[in-house]
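Student: Just dropping this structure here.
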Amino acid sequence: MVVNTSVKSICRSDLEAVLTAVLRNISSHENHQSEPSSDREVLDIFLNAANLTTDDTKCAESCMSLEEFRSWCARLPSVRKFLGTLLSPRDSGSEVPMLVYPENIDPAVILLRKEYAWHIGGALPQDELHEWRLLYHSTVHGLSFSTFLGNISNDKGPTLLVIKDKEGYIYGGYASQPWEKHADFYGDMKSFLFQLYPKASVYRPTGANSNLQWCAIHFSSESIPNGIGFGGRAHHFGLFISANFDQGHTFTCTTFGSPSLSKTHQIYPEVIECWGVAIKRAQDNQDRLQGTVLERFKEDRHMLNMVGLANSSE
C-alpha cells in the first residue's frame with residue numbers, strides 16, 4: 001500500500017491486505033508455543049481500532065481519511081514499523097519476542113498470543129524484542145497480590161501486565177520500572193497502556209503529567225489506594241487493580257491519552273499475567289530509563305518520514 005497526498009482515502013481492503021501480509025509473516029515464526037489464532041479474529045482486532053466510514057461516495061466499501069490513517073498508525077506502532085520497513089528493509093517489521101513459560105502451563109490459558117506480542121512490541125526498542133518470560137499467571141498462582149509481587153521480585157527489568165476481565169476485554173500496561181512500594185506515582189516516559197481485545201491500540205505518554213506507574217502496599221491512608229496502576233490520579237487511574245486482585249477500574253486518562261480500556265469503568269479481573277521483558281544487549285541503564293517525550297516524538301517523526309506521512313501532516 002502506497003500512501004501519498006494525491007490519495008484522499010484508504011479502504012478497508014487496503015488495510016486488510018497489509019495486515020494479512022504481516023500476520024502471515026508472524027505465523028511463520030517457529031519459536032512460539034501458543035495456541036493458533038483465527039486469522040479473521042486477529043484481523044478484526046486491528047481493524048476495530050480504525051475509524052472506517054462509508055461516507056465516501058467514490059468508494060463502495062468502508063474507508064478512512066489520511067488523517068484517520070495517521071491516527072490509526074499512531075495507535076498501532078507495530079503497523080507503522082512494518083510500513084517503515086517497506087522503504088528501509090533492514091528489519092522485517094514483524095519481530096515477535098520468544099514467549100517463554102513453564103511446561104506445566106497449558107498454552108490455551110495464556111493471554112499473550114504471538115499477534116498480541118507483535119502489536120505491543122511495535123512500541124518497544126529492538127533490544128526488548130528478544131525474550132519475554134512469564135513471571136506470574138493467576139490461573140496457576142491464584143489471584144493474589146502478594147504472590148504476584150513475590151514472583152516478580154527477582155526480575156528488575158521492564159514488565160508487561162496483561163488482564164482479561166469478566167467482560168472478555170483484554171488490555172494492560174508496559175511498566176518500564178520494577179513494581180516496588182511507593183506512596184506516590186513513579187516511573188518514566190517509556191511506560192504505556194495497550195488494548196488487545198476486542199480492538200488493538202497502544203497509548204503512550206502525552207507529557208500532560210508524570211503520573212505513570214503506581215504500586216502501593218500496606219498503606220492505611222485512604223488517599224493512597226493499595227494496588228498497582230498506570231496513569232491518571234489516585235482513585236481515578238487509567239488502569240488500576242486493587243491489592244485484593246479481585247477488582248479495579250479504568251478511566252479516560254490524560255497521562256496516556258487513553259480511553260477507558262474496558263466495556264465499563266469498573267473491572268473484575270478473570271485472568272492476570274505478568275511477563276518479564278529481557279534486554280538482549282547491555283546498555284547504559286541511565287540511557288534506557290531516562291526516556292523523554294521529546295525523544296519519542298523524534299523517533300515518531302523519523303517513522304512518519306519513512307512511510308511518507310510527515311509532509312502531509314504539516
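Labeling convention for the C-alpha cells: chains A, B, ... as they appear, residues from 1 per chain, ligands from 1 in order of appearance.
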Looking only at strand (DSSP E) from DSSP on the backbone, list the matching residues of range 144-299 of chain A as a ChimeraX atom specification.
Tutor: /A:159-165,170-175,192-197,201-203,213-216,227-233,236-242,248-249,266-267,269-277
Student: Go ahead and save the picked residues with N, CA and C atoms, as a compact mmCIF listing (two decimals), in the first residue's frame.
Tutor:
```
# COMPACT_ATOMS: atom_id res chain seq x y z
N THR A 159 8.33 -4.92 32.68
CA THR A 159 7.34 -5.99 32.70
C THR A 159 6.10 -5.60 31.91
N LEU A 160 5.36 -6.61 31.50
CA LEU A 160 4.08 -6.42 30.82
C LEU A 160 2.98 -7.01 31.70
N LEU A 161 2.00 -6.18 32.04
CA LEU A 161 0.85 -6.63 32.80
C LEU A 161 -0.30 -6.81 31.81
N VAL A 162 -0.84 -8.02 31.74
CA VAL A 162 -1.93 -8.33 30.81
C VAL A 162 -3.12 -8.82 31.61
N ILE A 163 -4.30 -8.23 31.34
CA ILE A 163 -5.51 -8.53 32.11
C ILE A 163 -6.65 -8.91 31.17
N LYS A 164 -7.36 -9.96 31.52
CA LYS A 164 -8.63 -10.27 30.88
C LYS A 164 -9.70 -10.13 31.94
N ASP A 165 -10.69 -9.28 31.69
CA ASP A 165 -11.74 -9.11 32.70
C ASP A 165 -12.96 -9.96 32.37
N ILE A 170 -9.47 -7.62 26.86
CA ILE A 170 -8.06 -7.88 27.22
C ILE A 170 -7.26 -6.61 26.99
N TYR A 171 -6.46 -6.22 27.99
CA TYR A 171 -5.72 -4.96 27.94
C TYR A 171 -4.63 -5.02 29.00
N GLY A 172 -3.85 -3.95 29.11
CA GLY A 172 -2.81 -3.95 30.13
C GLY A 172 -1.87 -2.78 29.99
N GLY A 173 -0.67 -2.95 30.56
CA GLY A 173 0.30 -1.87 30.53
C GLY A 173 1.72 -2.39 30.54
N TYR A 174 2.60 -1.60 29.95
CA TYR A 174 4.04 -1.88 29.97
C TYR A 174 4.65 -1.01 31.06
N ALA A 175 5.28 -1.65 32.03
CA ALA A 175 5.92 -0.94 33.15
C ALA A 175 7.42 -0.93 32.91
N PHE A 192 3.57 2.57 28.97
CA PHE A 192 2.40 2.85 28.14
C PHE A 192 1.28 1.86 28.45
N LEU A 193 0.08 2.20 28.02
CA LEU A 193 -1.08 1.32 28.13
C LEU A 193 -1.38 0.72 26.77
N PHE A 194 -2.10 -0.41 26.77
CA PHE A 194 -2.48 -1.01 25.49
C PHE A 194 -3.80 -1.75 25.61
N GLN A 195 -4.47 -1.89 24.49
CA GLN A 195 -5.64 -2.74 24.36
C GLN A 195 -5.30 -3.87 23.40
N LEU A 196 -5.84 -5.06 23.68
CA LEU A 196 -5.59 -6.23 22.85
C LEU A 196 -6.86 -6.83 22.25
N TYR A 197 -7.96 -6.78 22.99
CA TYR A 197 -9.22 -7.36 22.51
C TYR A 197 -10.39 -6.64 23.18
N SER A 201 -4.83 -1.32 20.38
CA SER A 201 -4.30 0.05 20.36
C SER A 201 -3.20 0.17 21.40
N VAL A 202 -2.30 1.12 21.18
CA VAL A 202 -1.25 1.45 22.14
C VAL A 202 -1.39 2.93 22.49
N TYR A 203 -1.27 3.25 23.77
CA TYR A 203 -1.39 4.63 24.24
C TYR A 203 -0.14 5.00 25.02
N GLN A 213 3.37 5.26 36.81
CA GLN A 213 3.28 3.94 37.43
C GLN A 213 2.90 4.08 38.89
N TRP A 214 2.13 3.13 39.41
CA TRP A 214 1.67 3.18 40.80
C TRP A 214 1.80 1.78 41.42
N CYS A 215 2.39 1.72 42.61
CA CYS A 215 2.47 0.45 43.34
C CYS A 215 2.46 0.75 44.83
N ALA A 216 1.30 0.59 45.45
CA ALA A 216 1.14 0.90 46.87
C ALA A 216 0.83 -0.39 47.64
N GLY A 227 -2.55 -1.18 45.65
CA GLY A 227 -2.69 -1.91 44.40
C GLY A 227 -1.68 -1.40 43.39
N ILE A 228 -1.86 -1.80 42.14
CA ILE A 228 -0.96 -1.36 41.07
C ILE A 228 -1.76 -0.67 39.98
N GLY A 229 -1.12 0.30 39.32
CA GLY A 229 -1.86 1.03 38.30
C GLY A 229 -0.96 1.86 37.39
N PHE A 230 -1.62 2.49 36.44
CA PHE A 230 -0.96 3.34 35.46
C PHE A 230 -1.81 4.59 35.24
N GLY A 231 -1.15 5.77 35.22
CA GLY A 231 -1.76 7.00 34.74
C GLY A 231 -2.93 7.52 35.54
N GLY A 232 -3.36 8.72 35.16
CA GLY A 232 -4.50 9.36 35.81
C GLY A 232 -4.12 9.95 37.15
N ARG A 233 -4.92 9.66 38.15
CA ARG A 233 -4.65 10.13 39.51
C ARG A 233 -5.21 9.10 40.49
N HIS A 236 -8.64 7.37 40.41
CA HIS A 236 -9.18 7.65 39.07
C HIS A 236 -8.05 7.38 38.05
N PHE A 237 -7.59 6.14 38.04
CA PHE A 237 -6.44 5.76 37.23
C PHE A 237 -6.83 5.46 35.78
N GLY A 238 -5.81 5.48 34.91
CA GLY A 238 -6.03 4.98 33.56
C GLY A 238 -6.29 3.48 33.61
N LEU A 239 -5.57 2.79 34.52
CA LEU A 239 -5.78 1.37 34.79
C LEU A 239 -5.32 1.10 36.21
N PHE A 240 -6.16 0.42 36.98
CA PHE A 240 -5.83 0.12 38.37
C PHE A 240 -6.41 -1.23 38.76
N ILE A 241 -5.59 -2.04 39.46
CA ILE A 241 -6.04 -3.30 40.06
C ILE A 241 -5.79 -3.22 41.55
N SER A 242 -6.82 -3.45 42.35
CA SER A 242 -6.70 -3.34 43.80
C SER A 242 -5.79 -4.43 44.36
N GLY A 248 -10.99 -3.56 40.09
CA GLY A 248 -10.19 -2.40 39.73
C GLY A 248 -11.01 -1.45 38.91
N HIS A 249 -10.36 -0.54 38.21
CA HIS A 249 -11.09 0.39 37.36
C HIS A 249 -10.21 0.90 36.23
N GLN A 266 -15.69 0.11 35.96
CA GLN A 266 -15.38 -0.87 37.00
C GLN A 266 -14.99 -2.18 36.33
N ILE A 267 -13.88 -2.77 36.76
CA ILE A 267 -13.43 -4.02 36.14
C ILE A 267 -13.25 -5.11 37.19
N PRO A 269 -11.16 -8.60 37.26
CA PRO A 269 -10.22 -9.46 36.54
C PRO A 269 -10.62 -10.93 36.59
N GLU A 270 -10.49 -11.58 35.45
CA GLU A 270 -10.68 -13.02 35.36
C GLU A 270 -9.33 -13.72 35.29
N VAL A 271 -8.41 -13.13 34.52
CA VAL A 271 -7.05 -13.65 34.40
C VAL A 271 -6.08 -12.48 34.43
N ILE A 272 -4.97 -12.63 35.15
CA ILE A 272 -3.90 -11.63 35.17
C ILE A 272 -2.58 -12.33 34.89
N GLU A 273 -1.82 -11.78 33.95
CA GLU A 273 -0.49 -12.29 33.64
C GLU A 273 0.52 -11.17 33.82
N CYS A 274 1.75 -11.56 34.12
CA CYS A 274 2.86 -10.60 34.13
C CYS A 274 4.06 -11.26 33.46
N TRP A 275 4.62 -10.57 32.47
CA TRP A 275 5.76 -11.07 31.71
C TRP A 275 6.98 -10.19 31.94
N GLY A 276 8.11 -10.81 32.17
CA GLY A 276 9.36 -10.08 32.29
C GLY A 276 9.99 -9.89 30.92
N VAL A 277 10.38 -8.66 30.61
CA VAL A 277 10.98 -8.34 29.31
C VAL A 277 12.49 -8.38 29.44
```
Student: Between A:Tyr268, A:Leu52, A:Thr252, A:Met98, single out the one closest to Ser65 in chain A, counting only C-alpha atoms.
Tutor: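 Counting only C-alpha atoms, the residue closest to Ser65 in chain A is A:Leu52.
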Student: Using only C-alpha atoms, which residue out of A:Phe145, A:Phe82, A:Phe219, A:Thr139 lies closest to Pro107 in chain A?
Tutor: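 Answer, going by the shortest atom-to-atom distance: A:Thr139.
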Student: Pick from A:Ile224, A:Cys63, A:Val18, A:Ala123: nearest to Lys81 in chain A, with only C-alpha atoms counted?
Tutor: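 Ranking A:Ile224, A:Cys63, A:Val18, A:Ala123 by distance to Lys81 in chain A, first place goes to A:Ala123.
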Student: DSSP says helix (DSSP H, G or I) for which residues of range 25-259 of chain A? Put them as JSON, numbers by chain?
Tutor: {"A": [25, 26, 27, 39, 40, 41, 42, 43, 44, 45, 46, 47, 66, 67, 68, 69, 70, 71, 72, 73, 74, 75, 77, 78, 79, 80, 81, 82, 83, 84, 85, 107, 108, 109, 114, 115, 116, 117, 118, 119, 120, 121, 126, 127, 128, 138, 139, 140, 141, 145, 146, 147, 148, 149, 150, 151, 152]}
Student: Suppose you want the space between CA of Thr20 in chain A and CA of Pro97 in chain A; what is it in Å?
Tutor: 19.4 Å
Student: At what distance in Å, to one decimal, does CA of Arg24 in chain A lie from CA of Ala60 in chain A?
Tutor: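 Result for CA of Ala60 in chain A versus CA of Arg24 in chain A: 26.8 Å, one decimal.
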Student: Rank nothing, just name the residue among A:Phe185, A:Phe46, A:Phe148, A:Tyr101 nearest to Glu131 in chain A, using only C-alpha atoms.
Tutor: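 Comparing A:Phe185, A:Phe46, A:Phe148, A:Tyr101 against Glu131 in chain A, the winner is A:Tyr101.
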Student: When you draw a straight line from CA of Lys280 in chain A to CA of Asp127 in chain A, how long is it in Å?
Tutor: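 Here the two named atoms are 5.0 Å from each other.
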Student: Excluding Ser210 in chain A and residues on its chain fewer than 3 positions from it, collect all residues at most 9 Å away from it, counting only C-alpha atoms, and give them as a list in words.
Tutor: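 These residues fall inside the cut-off: Phe185, Tyr186, Gly187, Asp188, Met189, Pro205, Gly207, Gln213, Gly231 and Thr255 of chain A.
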Student: Using only C-alpha atoms, find the one residue out of A:Cys73, A:Leu135, A:Ala17, A:Ala234 that sits nearest to Asn154 in chain A.
Tutor: A:Leu135
